[in-house]
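Undergrad: Hey, dropping coords_26.cif in here, mmCIF, C-alpha atoms:
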data_upload
loop_
_atom_site.label_atom_id
_atom_site.label_comp_id
_atom_site.auth_asym_id
_atom_site.auth_seq_id
_atom_site.Cartn_x
_atom_site.Cartn_y
_atom_site.Cartn_z
CA MET T 10 86.62 20.51 -68.71
CA PRO T 11 85.42 20.45 -65.06
CA GLU T 12 86.87 17.83 -62.73
CA PRO T 13 84.90 15.69 -60.27
CA ASN T 14 85.90 15.95 -56.64
CA SER T 15 84.86 14.75 -53.21
CA HIS T 16 81.94 16.08 -51.20
CA GLN T 17 84.12 18.56 -49.30
CA SER T 18 82.75 21.98 -50.06
CA PRO T 19 82.83 25.42 -48.47
CA VAL T 20 79.88 26.65 -46.47
CA LYS T 21 77.21 27.86 -48.87
CA GLN T 22 74.44 30.35 -48.55
CA HIS T 23 71.54 31.13 -50.89
CA LEU T 24 72.19 28.17 -53.16
CA VAL T 25 70.65 28.25 -56.63
CA GLY T 26 68.89 25.08 -57.72
CA GLU T 27 67.88 23.53 -61.02
CA VAL T 28 65.68 20.57 -61.90
CA ILE T 29 66.37 18.64 -65.10
CA SER T 30 63.89 16.16 -66.57
CA ILE T 31 65.24 13.68 -69.11
CA GLY T 32 63.38 11.68 -71.73
CA ASP T 33 61.76 11.89 -75.14
CA GLU T 34 58.41 11.24 -73.46
CA MET T 35 58.83 14.60 -71.69
CA THR T 36 59.91 16.70 -74.64
CA SER T 37 57.22 15.17 -76.88
CA GLY T 38 54.45 15.86 -74.38
CA ALA T 39 53.54 12.19 -74.18
CA ARG T 40 53.94 12.30 -70.40
CA VAL T 41 53.25 15.09 -67.93
CA ASP T 42 56.32 15.93 -65.84
CA THR T 43 55.12 15.78 -62.24
CA ASN T 44 58.59 15.03 -60.86
CA ALA T 45 59.86 18.56 -61.50
CA ALA T 46 57.06 20.18 -59.54
CA TRP T 47 57.54 17.80 -56.61
CA LEU T 48 61.30 18.32 -56.55
CA SER T 49 60.97 22.10 -56.74
CA ARG T 50 58.77 22.09 -53.66
CA ARG T 51 61.16 19.83 -51.78
CA LEU T 52 64.21 21.90 -52.71
CA GLY T 53 62.40 25.06 -51.63
CA GLU T 54 61.71 23.46 -48.26
CA LEU T 55 65.46 22.88 -47.92
CA GLY T 56 66.22 26.53 -48.60
CA ILE T 57 67.30 26.06 -52.22
CA HIS T 58 66.09 28.74 -54.63
CA VAL T 59 65.03 26.83 -57.75
CA ALA T 60 65.73 29.24 -60.59
CA PHE T 61 65.63 26.89 -63.59
CA HIS T 62 63.71 23.93 -65.00
CA SER T 63 65.19 22.13 -68.01
CA THR T 64 63.76 19.30 -70.10
CA VAL T 65 65.87 17.35 -72.58
CA GLY T 66 65.27 14.37 -74.82
CA ASP T 67 67.25 11.15 -75.18
CA THR T 68 70.17 12.52 -77.19
CA LEU T 69 73.66 12.23 -75.69
CA ALA T 70 75.04 15.52 -77.00
CA HIS T 71 71.96 17.40 -75.83
CA ASN T 72 72.21 15.81 -72.38
CA ILE T 73 75.85 16.83 -72.01
CA ASP T 74 75.00 20.35 -73.12
CA VAL T 75 72.16 20.69 -70.59
CA PHE T 76 74.41 19.48 -67.77
CA ARG T 77 77.22 21.84 -68.85
CA ILE T 78 74.87 24.85 -68.82
CA ALA T 79 73.48 23.82 -65.44
CA SER T 80 77.00 23.49 -64.00
CA GLU T 81 77.66 27.12 -64.92
CA ARG T 82 74.50 28.75 -63.59
CA SER T 83 73.31 26.55 -60.69
CA ASP T 84 74.79 25.21 -57.45
CA VAL T 85 72.53 22.22 -56.85
CA VAL T 86 70.93 20.16 -59.63
CA VAL T 87 68.54 17.25 -59.31
CA CYS T 88 67.77 15.36 -62.51
CA THR T 89 65.35 12.52 -63.12
CA GLY T 90 65.27 9.88 -65.82
CA GLY T 91 67.76 8.13 -68.05
CA LEU T 92 69.06 5.62 -65.49
CA GLY T 93 67.43 2.50 -66.89
CA PRO T 94 69.27 -0.36 -68.63
CA THR T 95 68.28 0.40 -72.24
CA ARG T 96 70.32 2.16 -74.94
CA ASP T 97 68.28 5.34 -74.72
CA ASP T 98 69.08 5.72 -70.99
CA LEU T 99 72.00 8.12 -71.33
CA THR T 100 72.38 9.94 -68.01
CA ARG T 101 75.43 7.90 -66.95
CA ASP T 102 77.17 8.49 -70.27
CA ALA T 103 76.27 12.17 -70.32
CA LEU T 104 77.72 12.77 -66.86
CA ALA T 105 80.85 10.83 -67.76
CA GLY T 106 81.16 12.99 -70.87
CA LEU T 107 80.62 16.15 -68.85
CA VAL T 108 83.58 15.45 -66.54
CA ASP T 109 85.62 13.59 -69.18
CA GLN T 110 85.94 10.50 -67.02
CA PRO T 111 85.22 6.83 -67.81
CA LEU T 112 82.37 4.78 -66.41
CA GLU T 113 83.47 2.29 -63.77
CA LEU T 114 81.68 -0.69 -62.26
CA ASN T 115 80.62 -0.32 -58.62
CA PRO T 116 80.67 -3.91 -57.27
CA GLU T 117 78.52 -3.10 -54.22
CA SER T 118 75.91 -1.45 -56.40
CA LEU T 119 75.88 -4.50 -58.69
CA LYS T 120 75.31 -6.78 -55.68
CA ARG T 121 72.30 -4.70 -54.66
CA ILE T 122 70.82 -4.87 -58.17
CA GLU T 123 71.34 -8.64 -58.33
CA ALA T 124 69.73 -9.02 -54.91
CA MET T 125 66.72 -7.01 -56.10
CA PHE T 126 66.20 -9.43 -59.00
CA ARG T 127 66.54 -12.43 -56.67
CA ARG T 128 63.89 -11.02 -54.33
CA ARG T 129 61.60 -10.64 -57.33
CA LYS T 130 62.45 -14.21 -58.41
CA ARG T 131 63.68 -13.03 -61.79
CA GLU T 132 66.90 -13.65 -63.68
CA MET T 133 68.86 -10.43 -64.17
CA PRO T 134 69.46 -9.64 -67.86
CA GLU T 135 73.05 -8.92 -68.81
CA ARG T 136 72.06 -5.42 -69.88
CA ASN T 137 71.23 -4.46 -66.29
CA HIS T 138 74.92 -4.54 -65.40
CA VAL T 139 75.16 -1.08 -66.92
CA GLN T 140 73.08 0.29 -64.05
CA ALA T 141 76.03 -0.39 -61.71
CA MET T 142 78.34 1.78 -63.84
CA PHE T 143 79.22 5.21 -62.46
CA PRO T 144 81.38 8.08 -63.73
CA ARG T 145 84.76 7.96 -62.00
CA GLY T 146 84.69 10.24 -58.95
CA SER T 147 80.94 9.96 -58.37
CA CYS T 148 79.14 7.85 -55.79
CA GLU T 149 75.93 5.87 -55.54
CA ILE T 150 72.56 6.99 -54.23
CA ILE T 151 71.02 3.73 -53.05
CA ASN T 152 67.62 2.85 -54.50
CA PRO T 153 65.84 0.67 -51.89
CA GLN T 154 62.94 -0.33 -54.15
CA GLY T 155 64.19 -0.43 -57.73
CA THR T 156 67.09 -1.51 -59.92
CA ALA T 157 68.23 2.00 -60.92
CA PRO T 158 70.64 3.49 -58.36
CA GLY T 159 71.15 7.23 -58.41
CA ILE T 160 74.38 9.14 -59.03
CA ASP T 161 75.88 11.77 -56.73
CA LEU T 162 78.44 13.87 -58.60
CA ALA T 163 80.36 16.91 -57.34
CA ILE T 164 82.47 19.20 -59.54
CA ALA T 165 85.02 21.75 -58.37
CA ARG T 166 84.59 25.26 -59.80
CA GLU T 167 87.42 27.74 -59.60
CA GLY T 168 86.60 30.66 -57.34
CA ARG T 169 83.10 29.39 -56.69
CA ASN T 170 81.28 26.84 -54.58
CA ASP T 171 81.40 23.28 -55.83
CA TRP T 172 78.62 22.12 -58.13
CA HIS T 173 76.50 19.20 -56.92
CA LEU T 174 74.29 17.01 -59.06
CA TYR T 175 71.98 14.24 -57.90
CA ALA T 176 70.69 11.97 -60.65
CA LEU T 177 67.58 9.99 -59.70
CA PRO T 178 65.34 7.53 -61.57
CA GLY T 179 62.21 8.85 -63.25
CA VAL T 180 59.83 6.45 -61.47
CA PRO T 181 58.12 8.82 -59.01
CA ALA T 182 57.84 6.39 -56.08
CA GLU T 183 61.53 5.48 -56.29
CA MET T 184 62.66 9.06 -56.89
CA LYS T 185 60.71 10.49 -53.95
CA ARG T 186 61.95 7.92 -51.47
CA MET T 187 65.58 8.33 -52.56
CA PHE T 188 65.32 12.11 -52.28
CA ASP T 189 63.73 12.09 -48.84
CA GLU T 190 65.91 9.35 -47.36
CA THR T 191 69.30 10.32 -48.84
CA VAL T 192 69.52 13.41 -51.01
CA ALA T 193 67.78 15.86 -48.68
CA GLU T 194 70.34 15.49 -45.90
CA ARG T 195 73.22 15.75 -48.37
CA ILE T 196 71.80 19.00 -49.71
CA LEU T 197 71.35 20.37 -46.19
CA SER T 198 75.03 19.78 -45.49
CA LEU T 199 75.96 21.93 -48.48
CA SER T 200 74.45 25.04 -46.93
CA GLY T 201 76.27 24.52 -43.65
CA ASP T 202 73.31 22.89 -41.93
CA SER T 203 74.06 19.85 -39.83
CA GLY T 204 71.77 17.50 -38.03
CA LYS T 205 68.49 16.00 -39.14
CA ILE T 206 65.53 16.75 -41.37
CA HIS T 207 62.05 15.30 -40.77
CA HIS T 208 58.84 15.59 -42.80
CA HIS T 209 55.24 15.23 -41.71
CA VAL T 210 52.20 15.48 -43.99
CA MET T 211 48.70 16.52 -42.85
CA LYS T 212 45.67 15.97 -45.12
CA PHE T 213 42.60 18.19 -45.49
CA PHE T 214 39.42 18.31 -47.56
CA GLY T 215 36.51 20.72 -47.75
CA THR T 216 38.06 24.08 -48.56
CA GLY T 217 40.06 25.73 -51.33
CA GLU T 218 43.76 26.48 -51.44
CA SER T 219 43.36 30.26 -51.20
CA ASP T 220 41.01 29.96 -48.21
CA MET T 221 43.42 27.56 -46.53
CA GLU T 222 46.28 30.01 -47.06
CA ASP T 223 44.20 32.85 -45.59
CA ARG T 224 43.31 30.77 -42.56
CA LEU T 225 46.90 29.69 -41.96
CA GLY T 226 48.40 33.16 -42.37
CA ASP T 227 52.05 33.32 -41.27
CA MET T 228 52.13 29.56 -40.73
CA ILE T 229 53.05 29.10 -44.41
CA SER T 230 55.62 31.89 -44.56
CA ARG T 231 58.74 30.83 -46.48
CA ASP T 232 60.87 32.10 -43.60
CA ARG T 233 59.08 30.08 -40.91
CA GLN T 234 60.80 27.20 -39.15
CA PRO T 235 59.68 24.53 -39.41
CA ARG T 236 58.51 25.22 -42.94
CA VAL T 237 54.89 24.45 -43.88
CA GLY T 238 54.31 23.85 -47.58
CA ILE T 239 50.88 23.60 -49.18
CA THR T 240 49.94 21.52 -52.23
CA VAL T 241 46.62 20.52 -53.79
CA SER T 242 45.82 17.32 -55.66
CA ALA T 243 42.29 16.62 -56.95
CA ALA T 244 40.81 18.94 -54.29
CA THR T 245 42.72 17.34 -51.41
CA ILE T 246 45.07 19.73 -49.62
CA SER T 247 48.36 18.51 -48.17
CA LEU T 248 50.36 20.50 -45.63
CA ARG T 249 53.95 19.29 -45.43
CA ILE T 250 55.84 20.26 -42.30
CA THR T 251 59.62 20.19 -42.76
CA ALA T 252 61.72 20.46 -39.60
CA LYS T 253 65.49 20.89 -39.56
CA ALA T 254 67.32 20.48 -36.24
CA GLU T 255 70.36 18.91 -34.61
CA THR T 256 68.53 15.83 -33.33
CA ASP T 257 65.59 13.63 -34.22
CA ASP T 258 63.84 14.57 -30.98
CA GLN T 259 64.10 18.28 -31.75
CA CYS T 260 62.64 17.73 -35.23
CA ASP T 261 59.76 15.70 -33.83
CA ARG T 262 59.02 18.31 -31.17
CA MET T 263 59.00 21.13 -33.74
CA ILE T 264 56.65 19.16 -35.98
CA GLN T 265 54.26 18.36 -33.14
CA GLU T 266 54.12 22.00 -32.00
CA THR T 267 53.40 23.15 -35.54
CA ARG T 268 50.80 20.43 -36.04
CA VAL T 269 48.92 21.60 -32.92
CA LYS T 270 48.91 25.19 -34.17
CA ILE T 271 47.58 24.13 -37.57
CA LEU T 272 44.76 22.15 -35.99
CA GLN T 273 43.80 25.17 -33.93
CA LEU T 274 43.22 27.05 -37.20
CA VAL T 275 41.72 24.49 -39.62
CA SER T 276 40.81 21.36 -37.68
CA GLU T 277 37.37 21.03 -39.30
CA PHE T 278 38.95 20.07 -42.64
CA HIS T 279 41.56 17.65 -41.29
CA PHE T 280 41.03 13.93 -41.87
CA GLY T 281 44.42 12.36 -41.23
CA ASP T 282 48.18 12.38 -41.62
CA GLY T 283 50.53 10.69 -44.06
CA GLU T 284 51.79 11.09 -47.62
CA LEU T 285 49.48 8.39 -48.97
CA PHE T 286 46.65 8.72 -46.44
CA GLU T 287 43.26 9.57 -48.00
CA GLN T 288 39.69 9.87 -46.77
CA GLN T 289 38.91 6.24 -47.55
CA HIS T 290 41.65 5.23 -45.13
CA ALA T 291 40.20 7.45 -42.41
CA ILE T 292 36.72 6.03 -42.97
CA ASN T 293 37.97 2.46 -42.99
CA GLU T 294 39.88 2.99 -39.73
CA TRP T 295 36.75 4.35 -38.02
CA LEU T 296 34.59 1.51 -39.29
CA GLN T 297 37.01 -1.16 -38.14
CA GLU T 298 37.45 0.48 -34.74
CA HIS T 299 33.66 0.49 -34.25
CA HIS T 300 33.14 -2.99 -35.78
CA GLN T 301 30.94 -1.62 -38.56
CA SER T 302 31.02 -1.73 -42.34
CA LEU T 303 30.13 0.24 -45.47
CA MET T 304 28.73 -0.29 -48.94
CA VAL T 305 28.72 2.32 -51.72
CA ILE T 306 26.23 2.90 -54.53
CA GLU T 307 27.30 5.08 -57.46
CA PHE T 308 25.26 6.25 -60.45
CA GLY T 309 26.77 7.78 -63.56
CA ARG T 310 29.92 7.40 -65.60
CA ALA T 311 32.34 6.70 -62.76
CA ALA T 312 32.83 4.39 -59.79
CA LEU T 313 35.62 6.09 -57.90
CA LEU T 314 34.41 5.22 -54.41
CA GLY T 315 34.21 1.54 -55.27
CA ASP T 316 37.68 1.66 -56.81
CA TRP T 317 39.26 3.49 -53.86
CA PHE T 318 37.73 1.31 -51.16
CA ALA T 319 38.47 -1.87 -53.10
CA GLU T 320 42.16 -0.89 -53.19
CA LEU T 321 42.38 -1.01 -49.39
CA GLU T 322 44.10 -3.90 -47.69
CA PRO T 323 41.68 -6.74 -46.84
CA THR T 324 39.28 -5.15 -44.38
CA THR T 325 36.01 -5.83 -42.61
CA GLY T 326 35.14 -2.16 -42.99
CA TYR T 327 34.14 -2.34 -46.67
CA ARG T 328 31.54 -4.80 -47.96
CA GLY T 329 31.42 -3.81 -51.61
CA GLY T 330 29.78 -1.46 -54.04
CA LEU T 331 27.19 -1.13 -56.79
CA SER T 332 27.85 0.97 -59.89
CA LEU T 333 25.23 1.74 -62.56
CA SER T 334 26.48 3.82 -65.48
CA THR T 335 23.25 4.11 -67.48
CA PRO T 336 19.58 4.34 -66.44
CA THR T 337 18.03 0.95 -65.71
CA ASP T 338 14.97 -0.30 -63.91
CA LEU T 339 17.22 -1.04 -60.92
CA GLN T 340 18.58 2.51 -60.88
CA ARG T 341 15.07 3.97 -61.17
CA MET T 342 14.06 1.83 -58.23
CA PHE T 343 16.82 3.40 -56.16
CA GLN T 344 15.86 6.89 -57.28
CA THR T 345 12.09 6.80 -56.64
CA GLU T 346 9.82 6.55 -53.62
CA ASN T 347 11.15 3.01 -53.14
CA GLU T 348 14.64 4.35 -52.49
CA ARG T 349 14.64 3.71 -48.75
CA ASP T 350 13.53 0.10 -49.06
CA SER T 351 15.90 -0.51 -51.98
CA ILE T 352 18.96 0.74 -50.13
CA ASP T 353 18.01 -1.12 -46.95
CA ARG T 354 17.70 -4.35 -48.95
CA ALA T 355 21.06 -3.73 -50.61
CA LYS T 356 22.72 -3.09 -47.24
CA HIS T 357 21.19 -6.25 -45.81
CA ALA T 358 22.23 -8.30 -48.85
CA VAL T 359 25.92 -7.45 -48.41
CA GLY T 360 25.87 -7.25 -44.60
CA ALA T 361 26.78 -3.56 -44.40
CA ASP T 362 25.88 -1.13 -41.61
CA TRP T 363 26.30 2.08 -43.60
CA ALA T 364 25.53 3.05 -47.18
CA LEU T 365 26.96 5.97 -49.19
CA VAL T 366 25.18 6.94 -52.41
CA VAL T 367 26.31 9.28 -55.21
CA ASP T 368 23.55 10.35 -57.61
CA SER T 369 25.18 10.94 -60.04
CA TYR T 370 28.56 11.53 -61.72
CA PRO T 371 28.40 13.62 -64.91
CA GLU T 372 29.28 12.18 -68.30
CA LEU T 373 32.53 13.71 -69.58
CA GLU T 374 33.44 14.41 -73.18
CA HIS T 375 36.48 12.49 -74.34
CA ASP T 376 39.71 14.59 -74.22
CA SER T 377 37.77 17.73 -73.37
CA ASP T 378 39.49 20.50 -71.39
CA VAL T 379 36.38 22.67 -71.15
CA PRO T 380 35.42 23.22 -67.49
CA LEU T 381 32.01 21.85 -66.50
CA ALA T 382 29.46 24.32 -65.20
CA ALA T 383 28.49 23.86 -61.57
CA ARG T 384 25.75 21.29 -61.18
CA ASP T 385 23.83 19.77 -58.29
CA VAL T 386 24.82 16.30 -57.15
CA ARG T 387 22.71 14.51 -54.57
CA LEU T 388 24.63 12.62 -51.89
CA LEU T 389 23.01 10.22 -49.45
CA VAL T 390 24.27 8.67 -46.23
CA VAL T 391 22.32 5.86 -44.56
CA ASN T 392 23.28 4.94 -41.00
CA PRO T 393 22.94 1.56 -39.24
CA GLU T 394 19.51 2.53 -37.85
CA GLY T 395 18.22 3.16 -41.36
CA ARG T 396 18.11 6.96 -41.10
CA HIS T 397 18.70 8.74 -44.42
CA PHE T 398 20.76 11.95 -44.56
CA ALA T 399 20.55 13.60 -47.98
CA THR T 400 22.61 16.61 -49.05
CA THR T 401 23.01 18.42 -52.36
CA ALA T 402 26.48 19.56 -53.39
CA THR T 403 26.90 22.11 -56.18
CA LEU T 404 30.14 21.25 -57.93
CA GLY T 405 31.87 22.12 -61.18
CA GLY T 406 35.36 22.48 -62.57
CA HIS T 407 37.88 20.94 -64.92
CA PRO T 408 36.92 17.51 -66.30
CA SER T 409 40.00 15.96 -64.74
CA ILE T 410 38.92 16.92 -61.24
CA ILE T 411 35.11 17.03 -61.18
CA GLN T 412 34.50 13.33 -60.58
CA PRO T 413 37.17 12.95 -57.85
CA ARG T 414 35.79 16.09 -56.22
CA ILE T 415 32.27 14.57 -56.15
CA ALA T 416 33.54 11.30 -54.66
CA LYS T 417 35.62 13.10 -52.05
CA THR T 418 32.72 15.37 -51.14
CA ALA T 419 30.61 12.26 -50.61
CA MET T 420 33.21 10.80 -48.28
CA ALA T 421 33.41 14.07 -46.37
CA SER T 422 29.64 13.94 -45.94
CA LEU T 423 29.89 10.41 -44.59
CA ARG T 424 32.65 11.36 -42.16
CA LYS T 425 30.43 14.00 -40.58
CA HIS T 426 27.90 11.32 -39.67
CA LEU T 427 30.45 8.78 -38.51
CA GLY T 428 31.44 11.18 -35.77
#
Please express the file's structure as structure tokens.

TA:
Amino acid sequence: MPEPNSHQSPVKQHLVGEVISIGDEMTSGARVDTNAAWLSRRLGELGIHVAFHSTVGDTLAHNIDVFRIASERSDVVVCTGGLGPTRDDLTRDALAGLVDQPLELNPESLKRIEAMFRRRKREMPERNHVQAMFPRGSCEIINPQGTAPGIDLAIAREGRNDWHLYALPGVPAEMKRMFDETVAERILSLSGDSGKIHHHVMKFFGTGESDMEDRLGDMISRDRQPRVGITVSAATISLRITAKAETDDQCDRMIQETRVKILQLVSEFHFGDGELFEQQHAINEWLQEHHQSLMVIEFGRAALLGDWFAELEPTTGYRGGLSLSTPTDLQRMFQTENERDSIDRAKHAVGADWALVVDSYPELEHDSDVPLAARDVRLLVVNPEGRHFATTATLGGHPSIIQPRIAKTAMASLRKHLG
């Protein structure tokens, strides 16, 4: 049986990685595993070749078996899930079984969990004590926003590099922060890299992934430093710059130089920077800076713009929205020769300077995966002087993306007129 050891490990090159997803909800298909894709991209940015993905349900023997196989074929493993306080959260027990060591209470970890409950003004159930239990020889990965700390476990392998496993919670927001703030630097040290690692995300809309890759050329080469990774979510493209250097200043300088080069190639699609930054944030910032405001009007079976803008922090930039899902006399009034007067009255009623109109979202069949044929969608921007700027976008695609694509295209149209 393998033995746990400290984090001392020989210099490694070309490390093989594996991502393990744990939970019956994954093996049953009840939940889509987005964590594995995210982690694979992050590990690739760190120079880890991810060769395997494994998914296992909530059975102790199966968990131990998956970890045992991973310890034989991979150098670095990141697993998610199974760190909660309930009886079907088995990652702690499985790792203890793997190394044949008992679980031990980590008093400092328990204090952090208790403090989390106090901040939330909740009494900590007795069962949550188990989350402060760690296999002997492992150490904690601090979770700054949840009650499930991670587990860092290293195992000595005769004649080979040590095996390193990082167990993280399945909640994406917690997992991502723990990986970026703690695990990434630990993984870098395994390959002989010292120093710092910084990330910077740039956001783009208005072109496809393949066109973006063509425009960027060698900028997204896997061998480039700093590394530029490309991902797409609901038609929004994210470019993640990952810089590795000896100091924070060197990382920041590398990122800034790369950012300038990217903007020289694709600046017309860029709307902002930040992991969670979206077009509605860019629009809201412009409106507040210029002491102006917006209302949205949406026809059809969606109200995405209203939802997205309403989720912003309290702001003077957004006055509200109107959503009409089925034809009514009011909708017909907006869509006839009285359109101009109708929109002007609506703007005046809510005190908005700008109006953005979507006419209209398509109706989607329930649980359908059949792509929608391209169709014309009329988009209208009305500026503070009452000028109307109408465009027609021809959009189609998978049902899961068509409505977000329409809403984002509308925002892109508005941004062009904001300046």

Undergrad: In Å, how far is it from CA of Asp84 (chain T) to CA of Asn72 (chain T)?

TA: 17.8 Å

Undergrad: Please measure the separation of CA of Glu27 (chain T) and CA of Val85 (chain T), giving the value in Å to one decimal.

TA: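 Separation between CA of Glu27 (chain T) and CA of Val85 (chain T): 6.4 Å.
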
Undergrad: Any chance you could resolve the PyMOL selection byres ((chain T and resi 406) around 6) against this file and give the residues as a tab-separated table (two decimals) with C-alpha atoms, keeping the file's coordinate frame?

TA:
chain	number	residue	atom	x	y	z
T	380	PRO	CA	35.42	23.22	-67.49
T	381	LEU	CA	32.01	21.85	-66.50
T	405	GLY	CA	31.87	22.12	-61.18
T	407	HIS	CA	37.88	20.94	-64.92
T	411	ILE	CA	35.11	17.03	-61.18

Undergrad: Do you know which residues the PyMOL selection byres ((chain T and resi 208-223) around 6) returns on this file, as a PyMOL selection string?

TA: chain T and resi 207+224-226+245-251+278-284

Undergrad: Could those residues be written to a file, using C-alpha atoms, as an mmCIF file, keeping the file's coordinate frame?

TA:
data_model
loop_
_atom_site.group_PDB
_atom_site.id
_atom_site.type_symbol
_atom_site.label_atom_id
_atom_site.label_comp_id
_atom_site.auth_asym_id
_atom_site.auth_seq_id
_atom_site.Cartn_x
_atom_site.Cartn_y
_atom_site.Cartn_z
ATOM 1 C CA HIS T 207 62.050 15.300 -40.770
ATOM 2 C CA ARG T 224 43.310 30.770 -42.560
ATOM 3 C CA LEU T 225 46.900 29.690 -41.960
ATOM 4 C CA GLY T 226 48.400 33.160 -42.370
ATOM 5 C CA THR T 245 42.720 17.340 -51.410
ATOM 6 C CA ILE T 246 45.070 19.730 -49.620
ATOM 7 C CA SER T 247 48.360 18.510 -48.170
ATOM 8 C CA LEU T 248 50.360 20.500 -45.630
ATOM 9 C CA ARG T 249 53.950 19.290 -45.430
ATOM 10 C CA ILE T 250 55.840 20.260 -42.300
ATOM 11 C CA THR T 251 59.620 20.190 -42.760
ATOM 12 C CA PHE T 278 38.950 20.070 -42.640
ATOM 13 C CA HIS T 279 41.560 17.650 -41.290
ATOM 14 C CA PHE T 280 41.030 13.930 -41.870
ATOM 15 C CA GLY T 281 44.420 12.360 -41.230
ATOM 16 C CA ASP T 282 48.180 12.380 -41.620
ATOM 17 C CA GLY T 283 50.530 10.690 -44.060
ATOM 18 C CA GLU T 284 51.790 11.090 -47.620
#

Undergrad: Please indicate the distance in Å from CA of Thr400 (chain T) to CA of Thr324 (chain T), rounded to one decimal place.

TA: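 Value for the CA of Thr400 (chain T)-CA of Thr324 (chain T) distance: 27.8 Å.
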
Undergrad: Within 9 Å of (58.9, 10.1, -60.4), only C-alpha atoms: residues as a ChimeraX atom specification?

TA: /T:42-45,47,89-90,177-185

Undergrad: For His138 (chain T), which residue out of T:Leu52, T:Leu114, T:Ile292, T:Val192 is the nearest one, using all atoms listed in the file?

TA: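 Result for the nearest residue to His138 (chain T): T:Leu114.
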
Undergrad: Give me the residues near Asp258 (chain T) as a PyMOL selection string, where near means some atom within 12 Å (using all atoms listed in the file) and where sequence neighbours in that chain fewer than 5 positions away do not count.

TA: chain T and resi 204-207+252-253+263-265

Undergrad: Return as JSON, numbers by chain the set of residues that the PyMOL selection byres ((chain T and resi 321) around 12) yields on the displayed structure.

TA: {"T": [285, 286, 287, 288, 289, 290, 291, 292, 293, 294, 314, 315, 316, 317, 318, 319, 320, 322, 323, 324, 325, 326, 327, 328, 329]}

Undergrad: I need the residue nearest Ala402 (chain T) from this list: T:Ala421, T:Ala244, T:Leu313, T:Leu107. Use only C-alpha atoms for the distance.

TA: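 The closest residue to Ala402 (chain T) is T:Ala421.
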
Undergrad: Please list as a list in words every residue within 6 Å of Gln110 (chain T), counting all atoms listed in the file and excluding residues in the same chain fewer than 2 positions away.

TA: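 Here the answer would be Ala105, Val108 and Arg145 of chain T.
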
Undergrad: Could you please take those selected residues and save C-alpha atoms as a PDB file, keeping the file's coordinate frame?

TA:
ATOM      1  CA  ALA T 105      80.850  10.830 -67.760  1.00  0.00           C
ATOM      2  CA  VAL T 108      83.580  15.450 -66.540  1.00  0.00           C
ATOM      3  CA  ARG T 145      84.760   7.960 -62.000  1.00  0.00           C
TER       4      ARG T 145
END

Undergrad: Please define a box with edges along x, y and z of the file around all atoms of region 119-131 of chain T given in the file, extend it by 5 Å on each side, and return its centre and edge lengths in Å to one decimal, as AutoDock Vina command-line options.

TA:
--center_x 68.7 --center_y -9.4 --center_z -58.1 --size_x 24.3 --size_y 19.7 --size_z 17.5

Undergrad: Tell me which protein, DNA and RNA residues are within 12 Å of Val41 (chain T), counting all atoms listed in the file, leaving out same-chain ones fewer than 4 positions away, and put them as a list in words.

TA: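 Near neighbours after the sequence-gap exclusion: Ser30, Gly32, Asp33, Glu34, Met35, Thr36, Ser37, Ala45, Ala46, Thr64, Gly179 and Pro181 of chain T.
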
Undergrad: Can you tell me which residues surround Arg414 (chain T) at a distance of at most 7 Å, considering all atoms listed in the file, apart from same-chain residues fewer than 4 positions away, and format the answer as a list in words?

TA: Ala243, Ala244, Ile410 and Thr418 of chain T
